[in-house]
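One file, input.cif, is given below (mmCIF, C-alpha atoms and all ligand atoms).
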```cif
data_model
#
loop_
_atom_site.label_atom_id
_atom_site.label_comp_id
_atom_site.auth_asym_id
_atom_site.auth_seq_id
_atom_site.Cartn_x
_atom_site.Cartn_y
_atom_site.Cartn_z
CA MET A 10 24.60 -13.59 30.50
CA ILE A 11 22.57 -11.74 27.89
CA PRO A 12 19.41 -13.64 26.93
CA ALA A 13 19.01 -14.70 23.32
CA ALA A 14 16.69 -11.87 22.37
CA TYR A 15 17.65 -8.37 23.45
CA ALA A 16 17.22 -4.79 22.37
CA VAL A 17 20.06 -2.29 22.47
CA LEU A 18 19.12 1.30 23.19
CA ASN A 19 21.59 3.86 21.95
CA MET A 20 20.68 6.71 24.25
CA ALA A 21 23.22 9.04 22.67
CA ALA A 22 20.85 9.20 19.70
CA VAL A 23 18.20 10.98 21.79
CA SER A 24 19.99 14.34 21.89
CA HIS A 25 20.81 14.05 18.22
CA ASN A 26 17.14 13.51 17.35
CA LEU A 27 16.07 16.29 19.67
CA GLN A 28 18.43 18.63 17.87
CA LYS A 29 16.58 17.79 14.65
CA VAL A 30 13.33 18.84 16.33
CA ARG A 31 14.97 22.12 17.36
CA ASP A 32 16.32 22.69 13.86
CA CYS A 33 12.82 22.27 12.40
CA ALA A 34 10.97 24.22 15.10
CA PRO A 35 13.53 26.59 16.64
CA ASP A 36 11.01 28.77 18.45
CA ALA A 37 8.72 26.08 19.80
CA LYS A 38 8.64 24.49 23.21
CA ILE A 39 9.02 20.74 23.06
CA MET A 40 6.57 18.30 24.61
CA ALA A 41 8.30 14.93 24.19
CA VAL A 42 5.72 12.22 23.60
CA ILE A 43 6.66 9.24 25.76
CA LYS A 44 3.32 7.43 25.85
CA ALA A 45 3.16 3.64 25.54
CA ASN A 46 6.36 3.21 27.53
CA ALA A 47 8.09 5.68 25.21
CA TYR A 48 7.09 3.65 22.14
CA GLY A 49 8.62 0.59 23.74
CA HIS A 50 11.90 2.30 24.66
CA GLY A 51 11.15 2.75 28.38
CA ALA A 52 9.23 5.80 29.58
CA LEU A 53 11.39 6.42 32.63
CA ARG A 54 14.58 5.95 30.65
CA LEU A 55 13.45 8.55 28.13
CA ALA A 56 12.04 10.88 30.77
CA HIS A 57 15.36 10.90 32.57
CA ALA A 58 17.37 11.29 29.38
CA LEU A 59 15.22 14.23 28.27
CA ALA A 60 14.48 15.85 31.63
CA ASN A 61 16.83 18.77 31.16
CA GLU A 62 16.35 19.03 27.43
CA VAL A 63 12.62 19.42 26.84
CA ASP A 64 9.88 21.65 28.21
CA GLY A 65 7.43 18.89 29.00
CA PHE A 66 6.21 15.42 28.30
CA ALA A 67 3.04 13.90 26.90
CA VAL A 68 1.57 10.52 27.73
CA ALA A 69 -1.71 8.98 26.62
CA ARG A 70 -3.18 7.80 29.91
CA VAL A 71 -3.46 9.00 33.47
CA ASP A 72 -1.59 6.00 34.90
CA GLU A 73 1.33 6.66 32.57
CA GLY A 74 1.62 10.18 33.94
CA VAL A 75 1.29 9.04 37.55
CA ARG A 76 4.06 6.53 37.05
CA LEU A 77 6.39 9.26 35.79
CA ARG A 78 5.56 11.51 38.74
CA ARG A 79 6.12 8.70 41.23
CA ALA A 80 9.51 8.12 39.66
CA GLY A 81 10.40 11.74 40.33
CA VAL A 82 9.80 13.33 36.94
CA GLN A 83 9.05 16.97 37.69
CA LYS A 84 8.53 18.48 34.26
CA ARG A 85 5.11 19.35 32.96
CA ILE A 86 3.24 16.25 31.78
CA ALA A 87 0.15 16.40 29.56
CA VAL A 88 -2.24 13.46 29.49
CA LEU A 89 -3.46 13.26 25.90
CA GLU A 90 -6.61 11.25 26.56
CA GLY A 91 -7.53 13.40 29.53
CA PHE A 92 -9.83 11.82 32.11
CA THR A 93 -13.14 9.97 31.92
CA CYS A 94 -14.25 9.97 35.54
CA THR A 95 -13.88 12.01 38.67
CA ASP A 96 -11.34 9.55 40.13
CA GLU A 97 -9.06 10.10 37.18
CA LEU A 98 -9.43 13.84 37.59
CA ASP A 99 -8.37 13.38 41.23
CA GLU A 100 -5.25 11.53 40.05
CA LEU A 101 -4.43 14.33 37.62
CA LEU A 102 -4.82 16.94 40.34
CA ALA A 103 -2.90 14.97 42.95
CA ASN A 104 -0.01 14.49 40.56
CA GLY A 105 0.01 17.90 38.92
CA LEU A 106 -0.69 16.53 35.45
CA ASP A 107 -2.16 18.60 32.58
CA ALA A 108 -5.47 17.34 31.20
CA VAL A 109 -6.49 17.33 27.59
CA VAL A 110 -10.15 18.36 27.54
CA HIS A 111 -11.93 16.95 24.53
CA SER A 112 -15.52 16.11 25.48
CA TRP A 113 -18.69 17.49 26.99
CA SER A 114 -18.69 14.76 29.60
CA GLN A 115 -15.38 16.07 30.93
CA LEU A 116 -16.90 19.53 31.24
CA ALA A 117 -19.73 18.05 33.29
CA ILE A 118 -17.17 16.46 35.63
CA PHE A 119 -15.44 19.85 36.00
CA ASP A 120 -18.75 21.54 36.80
CA ALA A 121 -19.37 19.17 39.68
CA ARG A 122 -16.10 20.16 41.39
CA THR A 123 -15.67 22.99 43.84
CA GLU A 124 -12.12 22.65 45.18
CA GLN A 125 -9.55 25.38 45.17
CA GLN A 126 -6.86 23.41 43.39
CA LYS A 127 -6.62 24.09 39.68
CA ILE A 128 -5.70 21.97 36.72
CA ALA A 129 -3.86 23.08 33.58
CA VAL A 130 -5.80 22.12 30.48
CA TRP A 131 -5.27 21.66 26.78
CA LEU A 132 -8.52 22.27 24.95
CA LYS A 133 -8.57 19.75 22.14
CA PHE A 134 -9.92 21.09 18.87
CA ASP A 135 -10.94 18.44 16.34
CA THR A 136 -9.97 20.03 13.04
CA GLY A 137 -10.63 16.93 10.95
CA MET A 138 -9.00 13.92 12.56
CA ASN A 139 -12.39 12.92 13.97
CA ARG A 140 -10.92 11.26 16.99
CA LEU A 141 -10.82 13.33 20.17
CA GLY A 142 -11.85 16.96 20.38
CA PHE A 143 -14.56 19.54 19.98
CA LYS A 144 -15.75 20.65 16.57
CA ALA A 145 -15.16 24.18 15.28
CA ALA A 146 -18.83 25.06 15.75
CA ASP A 147 -18.60 24.31 19.48
CA LEU A 148 -15.24 25.84 20.23
CA GLN A 149 -16.40 29.29 21.29
CA ALA A 150 -18.98 27.84 23.68
CA VAL A 151 -16.53 25.33 25.14
CA TYR A 152 -13.85 27.96 25.58
CA ALA A 153 -16.30 30.26 27.36
CA ARG A 154 -17.36 27.44 29.64
CA LEU A 155 -13.78 26.55 30.52
CA MET A 156 -13.17 30.21 31.36
CA GLN A 157 -15.97 29.87 33.92
CA CYS A 158 -14.78 26.60 35.49
CA SER A 159 -13.21 27.34 38.84
CA ILE A 160 -11.05 24.22 38.62
CA VAL A 161 -9.48 25.25 35.30
CA LYS A 162 -6.20 27.06 35.45
CA GLN A 163 -5.98 30.07 33.15
CA PRO A 164 -4.81 30.68 30.52
CA ILE A 165 -6.25 27.77 28.55
CA ASN A 166 -3.98 26.05 26.04
CA ILE A 167 -5.37 24.86 22.72
CA MET A 168 -4.26 21.91 20.64
CA THR A 169 -5.22 19.92 17.60
CA HIS A 170 -3.86 16.81 15.94
CA LEU A 171 -3.05 16.34 12.25
CA ALA A 172 -4.56 13.36 10.49
CA SER A 173 -2.41 13.17 7.35
CA ALA A 174 0.74 15.15 8.00
CA ASP A 175 2.83 12.18 6.86
CA ASP A 176 1.60 12.75 3.29
CA LYS A 177 2.93 16.02 1.94
CA ALA A 178 0.55 15.84 -1.02
CA ASP A 179 -2.58 15.46 1.08
CA ALA A 180 -4.78 18.56 1.17
CA MET A 181 -6.09 17.59 4.62
CA THR A 182 -3.24 19.25 6.54
CA GLY A 183 -3.71 22.61 4.84
CA LYS A 184 -7.41 22.47 5.65
CA GLN A 185 -6.77 21.55 9.27
CA LEU A 186 -4.25 24.36 9.72
CA ALA A 187 -6.60 26.89 8.11
CA LEU A 188 -9.54 25.80 10.26
CA PHE A 189 -7.39 25.91 13.40
CA ASN A 190 -6.18 29.43 12.74
CA ALA A 191 -9.53 30.77 11.54
CA THR A 192 -11.42 29.37 14.51
CA LEU A 193 -8.86 30.50 17.08
CA ALA A 194 -9.15 34.00 15.63
CA THR A 195 -12.74 34.03 16.85
CA LEU A 196 -11.74 33.30 20.48
CA PRO A 197 -10.63 35.93 22.99
CA LEU A 198 -7.04 34.64 23.08
CA ASP A 199 -3.73 36.36 23.58
CA ALA A 200 -0.10 35.30 23.48
CA ASN A 201 -0.46 33.59 26.86
CA ASN A 202 -2.83 31.01 25.41
CA GLU A 203 -0.36 28.49 24.06
CA ARG A 204 -1.10 26.48 20.95
CA SER A 205 0.10 23.09 19.80
CA ILE A 206 -0.43 21.32 16.48
CA ALA A 207 2.52 19.33 15.22
CA ASN A 208 3.48 15.70 15.78
CA SER A 209 6.69 14.43 14.15
CA ALA A 210 5.31 14.50 10.61
CA GLY A 211 3.99 18.01 11.20
CA ILE A 212 7.36 19.14 12.55
CA LEU A 213 9.26 17.65 9.62
CA ALA A 214 6.93 18.46 6.74
CA TRP A 215 4.72 21.41 7.71
CA SER A 216 6.66 24.26 9.22
CA GLN A 217 3.43 26.27 9.67
CA ALA A 218 2.32 23.60 12.15
CA SER A 219 5.14 24.38 14.57
CA THR A 220 3.38 26.79 16.92
CA ASP A 221 4.11 27.46 20.61
CA TRP A 222 4.53 23.76 21.42
CA VAL A 223 5.48 20.83 19.23
CA ARG A 224 4.75 17.22 20.18
CA PRO A 225 7.41 14.96 18.68
CA GLY A 226 7.05 11.25 19.27
CA ILE A 227 8.43 8.86 16.70
CA MET A 228 11.22 11.16 15.47
CA LEU A 229 12.72 11.32 18.95
CA TYR A 230 13.26 7.60 18.66
CA GLY A 231 15.06 8.15 15.36
CA ILE A 232 12.28 6.70 13.26
CA SER A 233 10.60 8.25 10.25
CA PRO A 234 6.90 9.09 10.31
CA PHE A 235 6.83 8.83 6.51
CA ALA A 236 6.15 5.52 4.76
CA GLN A 237 8.83 5.65 2.06
CA VAL A 238 11.62 7.42 3.95
CA THR A 239 13.86 6.12 6.71
CA GLY A 240 14.89 7.97 9.84
CA ALA A 241 18.49 7.94 8.63
CA GLU A 242 17.41 9.66 5.41
CA LEU A 243 15.84 12.39 7.52
CA GLY A 244 19.04 12.82 9.52
CA LEU A 245 17.74 10.93 12.55
CA LYS A 246 19.50 8.19 14.50
CA PRO A 247 17.47 5.20 15.65
CA ILE A 248 17.65 4.47 19.36
CA MET A 249 16.53 0.87 19.33
CA SER A 250 17.99 -2.14 17.61
CA LEU A 251 16.66 -5.67 18.09
CA HIS A 252 18.96 -8.66 18.28
CA SER A 253 19.06 -12.36 18.85
CA ARG A 254 21.14 -15.31 17.77
CA LEU A 255 21.08 -18.42 15.67
CA ILE A 256 20.16 -21.44 17.75
CA ALA A 257 20.30 -24.08 15.01
CA VAL A 258 21.79 -24.40 11.53
CA LYS A 259 20.93 -27.29 9.20
CA PRO A 260 20.70 -28.23 5.55
CA ILE A 261 17.40 -28.13 3.68
CA GLU A 262 16.65 -30.00 0.48
CA LYS A 263 14.75 -29.06 -2.63
CA GLY A 264 11.09 -29.85 -2.01
CA ASP A 265 11.23 -29.33 1.77
CA THR A 266 8.71 -26.95 3.25
CA VAL A 267 9.54 -24.82 6.26
CA GLY A 268 7.47 -23.95 9.30
CA TYR A 269 3.80 -23.88 10.21
CA GLY A 270 1.51 -24.52 7.29
CA GLY A 271 4.50 -25.44 5.15
CA SER A 272 4.11 -22.03 3.59
CA TRP A 273 7.65 -21.84 2.23
CA LEU A 274 8.82 -24.34 -0.34
CA CYS A 275 12.54 -24.94 -0.76
CA GLU A 276 13.41 -24.74 -4.47
CA GLN A 277 17.09 -25.54 -4.19
CA GLU A 278 19.23 -27.00 -1.47
CA SER A 279 20.36 -24.49 1.07
CA ILE A 280 21.20 -24.02 4.73
CA LEU A 281 18.45 -23.11 7.15
CA GLY A 282 19.05 -21.01 10.24
CA VAL A 283 16.73 -20.92 13.22
CA VAL A 284 16.76 -17.64 15.16
CA ALA A 285 15.49 -17.19 18.73
CA ILE A 286 13.01 -14.40 18.07
CA GLY A 287 9.29 -14.64 17.45
CA TYR A 288 6.03 -12.82 17.78
CA ALA A 289 6.11 -13.30 21.55
CA ASP A 290 9.15 -11.01 21.50
CA GLY A 291 7.38 -8.53 19.28
CA TYR A 292 8.85 -9.60 15.97
CA PRO A 293 5.94 -9.06 13.57
CA ARG A 294 3.87 -12.17 12.87
CA TYR A 295 3.04 -10.85 9.42
CA ALA A 296 6.63 -10.37 8.24
CA LYS A 297 6.63 -12.04 4.83
CA SER A 298 9.08 -14.58 3.46
CA GLY A 299 11.88 -12.47 2.04
CA THR A 300 11.96 -10.00 4.93
CA PRO A 301 15.65 -9.17 5.45
CA VAL A 302 17.47 -10.34 8.59
CA LEU A 303 21.15 -9.70 9.37
CA VAL A 304 23.19 -12.76 10.30
CA ASN A 305 26.76 -11.81 11.22
CA GLY A 306 26.01 -8.49 9.55
CA GLN A 307 24.99 -10.08 6.23
CA ARG A 308 21.50 -9.86 4.81
CA VAL A 309 19.60 -13.12 4.52
CA SER A 310 15.87 -13.75 4.04
CA LEU A 311 13.21 -14.78 6.48
CA ILE A 312 11.49 -17.92 5.20
CA GLY A 313 8.24 -19.46 6.35
CA ARG A 314 5.95 -18.20 9.05
CA VAL A 315 7.06 -16.34 12.13
CA SER A 316 6.39 -18.55 15.17
CA MET A 317 5.95 -17.54 18.77
CA ASP A 318 9.59 -17.98 19.77
CA MET A 319 11.50 -18.51 16.55
CA ILE A 320 11.93 -17.54 12.94
CA THR A 321 13.70 -19.38 10.16
CA VAL A 322 16.05 -17.84 7.63
CA ASP A 323 17.66 -19.03 4.41
CA LEU A 324 21.40 -18.74 5.10
CA GLY A 325 22.38 -19.76 1.56
CA VAL A 326 24.15 -22.92 0.48
CA ALA A 327 27.63 -21.52 1.07
CA SER A 328 26.96 -20.19 4.56
CA THR A 329 29.47 -20.80 7.34
CA ALA A 330 27.14 -19.40 10.02
CA LYS A 331 26.76 -21.50 13.17
CA ALA A 332 24.60 -21.71 16.24
CA GLY A 333 25.31 -18.80 18.53
CA ASP A 334 26.06 -16.33 15.74
CA ALA A 335 24.71 -12.81 15.99
CA VAL A 336 21.43 -11.84 14.39
CA THR A 337 19.94 -8.36 14.01
CA LEU A 338 16.24 -8.05 13.31
CA TRP A 339 16.41 -4.30 12.89
CA GLY A 340 19.11 -1.77 13.64
CA GLU A 341 22.35 -0.66 12.02
CA GLY A 342 22.19 -1.65 8.34
CA LEU A 343 18.57 -2.77 8.58
CA PRO A 344 16.13 0.07 9.19
CA VAL A 345 13.02 -0.75 11.21
CA GLU A 346 11.10 1.17 8.53
CA GLU A 347 12.11 -1.51 6.01
CA ILE A 348 10.91 -4.31 8.28
CA ALA A 349 7.62 -2.49 8.79
CA LEU A 350 7.03 -2.39 5.02
CA CYS A 351 7.76 -6.13 4.79
CA ALA A 352 5.16 -6.77 7.50
CA ASP A 353 2.51 -4.41 6.09
CA THR A 354 2.69 -2.24 9.16
CA ILE A 355 4.32 0.96 10.39
CA PRO A 356 7.50 1.12 12.46
CA TYR A 357 5.52 2.53 15.40
CA THR A 358 3.91 -0.87 15.94
CA LEU A 359 7.23 -2.68 15.83
CA VAL A 360 8.99 -0.67 18.53
CA CYS A 361 5.83 -0.44 20.66
CA GLY A 362 5.38 -4.18 20.34
CA VAL A 363 8.73 -5.35 21.73
CA THR A 364 7.70 -7.42 24.73
CA GLN A 365 8.85 -7.93 28.30
CA ARG A 366 10.76 -11.04 27.33
CA VAL A 367 13.26 -8.94 25.41
CA ARG A 368 15.97 -7.61 27.72
CA GLN A 369 16.65 -3.92 27.09
CA ILE A 370 20.29 -2.92 27.31
CA GLU A 371 21.63 0.61 27.04
CA ALA A 372 24.57 0.95 24.65
CA GLU A 373 27.82 2.01 26.31
C1 LIG A 401 1.11 10.12 19.66
C2 LIG A 401 0.81 11.56 19.49
C3 LIG A 401 1.80 12.47 19.09
C4 LIG A 401 3.16 12.03 18.61
O1 LIG A 401 3.05 11.53 17.30
P1 LIG A 401 4.32 11.06 16.45
O2 LIG A 401 3.77 10.71 15.12
O3 LIG A 401 4.85 9.86 17.16
O4 LIG A 401 5.27 12.19 16.45
C5 LIG A 401 1.49 13.81 19.12
N1 LIG A 401 0.25 14.25 19.47
C6 LIG A 401 -0.73 13.40 19.82
C7 LIG A 401 -2.07 13.93 20.19
C8 LIG A 401 -0.50 12.03 19.83
O5 LIG A 401 -1.49 11.20 20.17
#
```
What would the structure in this file look like if it were written as structure tokens?
Ligand SMILES: *Cc1c(COP(=O)(O)O)cnc(C)c1O
Amino acid sequence: MIPAAYAVLNMAAVSHNLQKVRDCAPDAKIMAVIKANAYGHGALRLAHALANEVDGFAVARVDEGVRLRRAGVQKRIAVLEGFTCTDELDELLANGLDAVVHSWSQLAIFDARTEQQKIAVWLKFDTGMNRLGFKAADLQAVYARLMQCSIVKQPINIMTHLASADDKADAMTGKQLALFNATLATLPLDANNERSIANSAGILAWSQASTDWVRPGIMLYGISPFAQVTGAELGLKPIMSLHSRLIAVKPIEKGDTVGYGGSWLCEQESILGVVAIGYADGYPRYAKSGTPVLVNGQRVSLIGRVSMDMITVDLGVASTAKAGDAVTLWGEGLPVEEIALCADTIPYTLVCGVTQRVRQIEAE
């Protein structure tokens, strides 16, 4: 029997979304970003679905890459946070994972190593994100040092990350791209040194950012990286939908309050539905009253606070819904992007946040 709360993963959408990446960046190699358990969709599931379709994968952490290797994933895998200690470097080497090199302390760890085995690296250039990476002023020196490291496989790849690519009006992206290109022109590079800039927003909105490799994450899952646009509007198909069911239906009277803190006041008699989904499943705690929920395919409103295991909805006075009826929290007819806006968050957090309690089922 299917548990009350479950997510359906429409894996057929993956190839469709990948085609959109190819349409936007026809000449680029694709590094599918499957960090954080593939944004909650299952890293192994996505790795297997994409194995013959992409050129490589990216994960955030060493253990995420190791897990993919142990499960038999053979494609190139880049670890976006690189390594912080010599043990992690050992894991990267033992598993044939690419390291992102972003800090002087990593260079010191390289210098202390003498083995024959080499590691492929992505030199991370901080062009303005101010998260990981070396500044423009240091890039020549770092590049020269990496050329000298016996452990570093040549040629060296170079990457940066865009801070504001989701806002087409923001001047930041133009500045980052200009700095990237101008600084790389000062390095002794050739066509064998591969470059990578674009995440999903870069791929979709900044064609100049699609260099040798693109790094799509959220768009592969059929979700928009832009705040006011849905994946469907971009021609993407969402993979994940989140479902549950009504577990109680009852009348409510004018003057009743609903849920913790009594935050919702009933202004006219209606029928209340209780749905088996809550923040312990990953439904956002900050979804406001009025957030749409589909009951038997019809939109109704969330009312009152989201609890750990349940939410309450206003079914309307004429409702014929009953316990056991189908509820969709996001999916067909209810974009996750819309729920994210209602919860003052981004859709990334919603899909990443779906918890272990939610059974994941692949659509037929
Ligand atoms: C997460 C991440 C990506 C993918 O970003 P999306 O917005 O999901 O496409 C690409 N590059 C880096 C460095 C990342 O951390």
Of the candidates A:Trp339, A:Phe92, A:Tyr230, A:Phe189, which shows the shortest atom-to-atom distance to ligand LIG 401 (chain A), using only C-alpha atoms and all ligand atoms?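 For ligand LIG 401 (chain A), the nearest of the given residues is A:Tyr230.
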To check your reading of the model: which residues sit at most 6 Å from ligand LIG 401 (chain A) when counting all atoms listed in the file? Write the answer as JSON, numbers by chain. {"A": [42, 89, 170, 208, 209, 224, 225, 226, 227, 234]}
Pick from A:Ile167, A:Leu148, A:Ala372, A:Ala80: nearest to A:Trp222, with only C-alpha atoms counted?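 Of A:Ile167, A:Leu148, A:Ala372, A:Ala80, the one nearest A:Trp222, counting only C-alpha atoms, is A:Ile167.
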Using only C-alpha atoms, which protein or nucleic acid residues come within 12 Å of A:Asp176? Drop anything in the same chain fewer than 6 positions from it, and give the result as a compact mmCIF listing (two decimals) with C-alpha atoms, in the frame of the given file.
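Written file, around-v1.txt:
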```txt
# COMPACT_ATOMS: atom_id res chain seq x y z
CA THR A 182 -3.24 19.25 6.54
CA GLY A 183 -3.71 22.61 4.84
CA ALA A 210 5.31 14.50 10.61
CA GLY A 211 3.99 18.01 11.20
CA LEU A 213 9.26 17.65 9.62
CA ALA A 214 6.93 18.46 6.74
CA TRP A 215 4.72 21.41 7.71
CA PRO A 234 6.90 9.09 10.31
CA PHE A 235 6.83 8.83 6.51
CA ALA A 236 6.15 5.52 4.76
CA GLN A 237 8.83 5.65 2.06
CA VAL A 238 11.62 7.42 3.95
```
Can you pull out every residue within 9 Å of A:Glu347, counting all atoms listed in the file, but drop anything in the same chain fewer than 3 positions away, and send it as a PyMOL selection string? chain A and resi 237+239+300-301+339+343-344+350-352+356
Report the distance between atom CA of A:Gly264 and atom CA of A:Ser279 in Å, rounded to one decimal place.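 It comes out at 11.1 Å.
Counting from atom CA of A:Gly291, the distance to atom CA of A:Ala332 is 21.9 Å.
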Please measure the separation of atom CA of A:Ala47 and atom CA of A:Asn166, giving the value in Å to one decimal. 23.7 Å
Between A:Ile312, A:Ala52, A:Leu359, A:Val75, smallest distance to A:Leu102 by all atoms listed in the file belongs to A:Val75
Near A:His50, within 9 Å and counting only C-alpha atoms, which residues show up once chain neighbours fewer than 5 positions away are dropped, as a VMD selection string? chain A and resid 18 43 45 55 230 248 to 249 360 to 361 363 369
With stretch 139-145 of chain A as the partner and 12 Å as the cut-off, tabulate the residues of stretch 193-223 of chain A that qualify, each row holding the nearest pair of atoms and their distance in Å to one decimal, using only C-alpha atoms, sorted by chain and rising number, as CSV.
```
residue,atom,partner,partner_atom,distance
A:Leu193,CA,A:Ala145,CA,9.1
A:Ala194,CA,A:Ala145,CA,11.5
A:Thr195,CA,A:Ala145,CA,10.3
A:Leu196,CA,A:Ala145,CA,11.0
```
Can you tell me, as a list in words, what residues are no more than 6 Å from A:Ser250 when counting only C-alpha atoms, ignoring any on the same chain fewer than 3 positions away?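 Near A:Ser250, the qualifying residues are Ala16, Val17, Trp339 and Gly340 of chain A.
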Pick from A:Val267, A:Ile11, A:Ile39, A:Val302, whichever lies nearest to A:Ile206 using only C-alpha atoms: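 Nearest candidate to A:Ile206 out of A:Val267, A:Ile11, A:Ile39, A:Val302: A:Ile39.
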Could you model all heavy atoms for stretch 256-263 of chain A and present them as an mmCIF file, in the frame of the given file?
```cif
data_model
loop_
_atom_site.group_PDB
_atom_site.id
_atom_site.type_symbol
_atom_site.label_atom_id
_atom_site.label_comp_id
_atom_site.auth_asym_id
_atom_site.auth_seq_id
_atom_site.Cartn_x
_atom_site.Cartn_y
_atom_site.Cartn_z
ATOM 1 N N ILE A 256 20.121 -20.340 16.780
ATOM 2 C CA ILE A 256 20.160 -21.440 17.750
ATOM 3 C C ILE A 256 20.254 -22.800 17.065
ATOM 4 O O ILE A 256 20.486 -23.802 17.720
ATOM 5 C CB ILE A 256 18.955 -21.396 18.729
ATOM 6 C CG1 ILE A 256 17.625 -21.421 17.983
ATOM 7 C CG2 ILE A 256 19.052 -20.169 19.633
ATOM 8 C CD1 ILE A 256 16.430 -21.643 18.921
ATOM 9 N N ALA A 257 20.087 -22.831 15.749
ATOM 10 C CA ALA A 257 20.300 -24.080 15.010
ATOM 11 C C ALA A 257 20.585 -23.735 13.553
ATOM 12 O O ALA A 257 20.084 -22.736 13.038
ATOM 13 C CB ALA A 257 19.071 -24.985 15.105
ATOM 14 N N VAL A 258 21.425 -24.561 12.942
ATOM 15 C CA VAL A 258 21.790 -24.400 11.530
ATOM 16 C C VAL A 258 21.743 -25.786 10.913
ATOM 17 O O VAL A 258 22.308 -26.728 11.482
ATOM 18 C CB VAL A 258 23.210 -23.790 11.417
ATOM 19 C CG1 VAL A 258 23.689 -23.782 9.965
ATOM 20 C CG2 VAL A 258 23.242 -22.379 12.002
ATOM 21 N N LYS A 259 21.059 -25.937 9.778
ATOM 22 C CA LYS A 259 20.930 -27.290 9.200
ATOM 23 C C LYS A 259 20.631 -27.212 7.723
ATOM 24 O O LYS A 259 20.087 -26.203 7.246
ATOM 25 C CB LYS A 259 19.815 -28.047 9.928
ATOM 26 C CG LYS A 259 18.466 -27.380 9.836
ATOM 27 C CD LYS A 259 17.395 -28.152 10.577
ATOM 28 C CE LYS A 259 17.453 -27.841 12.051
ATOM 29 N NZ LYS A 259 16.343 -28.466 12.798
ATOM 30 N N PRO A 260 20.991 -28.253 6.989
ATOM 31 C CA PRO A 260 20.700 -28.230 5.550
ATOM 32 C C PRO A 260 19.211 -28.398 5.266
ATOM 33 O O PRO A 260 18.504 -29.041 6.048
ATOM 34 C CB PRO A 260 21.492 -29.428 5.008
ATOM 35 C CG PRO A 260 21.815 -30.279 6.179
ATOM 36 C CD PRO A 260 21.703 -29.457 7.421
ATOM 37 N N ILE A 261 18.747 -27.824 4.181
ATOM 38 C CA ILE A 261 17.400 -28.130 3.680
ATOM 39 C C ILE A 261 17.511 -28.522 2.213
ATOM 40 O O ILE A 261 18.386 -28.034 1.487
ATOM 41 C CB ILE A 261 16.390 -26.967 3.826
ATOM 42 C CG1 ILE A 261 17.013 -25.607 3.519
ATOM 43 C CG2 ILE A 261 15.706 -26.982 5.172
ATOM 44 C CD1 ILE A 261 15.984 -24.493 3.406
ATOM 45 N N GLU A 262 16.610 -29.414 1.823
ATOM 46 C CA GLU A 262 16.650 -30.000 0.480
ATOM 47 C C GLU A 262 15.551 -29.378 -0.386
ATOM 48 O O GLU A 262 14.521 -28.941 0.133
ATOM 49 C CB GLU A 262 16.365 -31.506 0.558
ATOM 50 C CG GLU A 262 17.261 -32.285 1.495
ATOM 51 C CD GLU A 262 18.706 -32.295 1.025
ATOM 52 O OE1 GLU A 262 18.927 -32.216 -0.214
ATOM 53 O OE2 GLU A 262 19.613 -32.351 1.871
ATOM 54 N N LYS A 263 15.802 -29.426 -1.677
ATOM 55 C CA LYS A 263 14.750 -29.060 -2.630
ATOM 56 C C LYS A 263 13.483 -29.854 -2.311
ATOM 57 O O LYS A 263 13.553 -31.062 -2.092
ATOM 58 C CB LYS A 263 15.238 -29.382 -4.052
ATOM 59 C CG LYS A 263 14.281 -28.989 -5.143
ATOM 60 C CD LYS A 263 14.966 -29.200 -6.497
ATOM 61 C CE LYS A 263 14.149 -28.675 -7.586
ATOM 62 N NZ LYS A 263 13.349 -29.012 -8.421
#
```
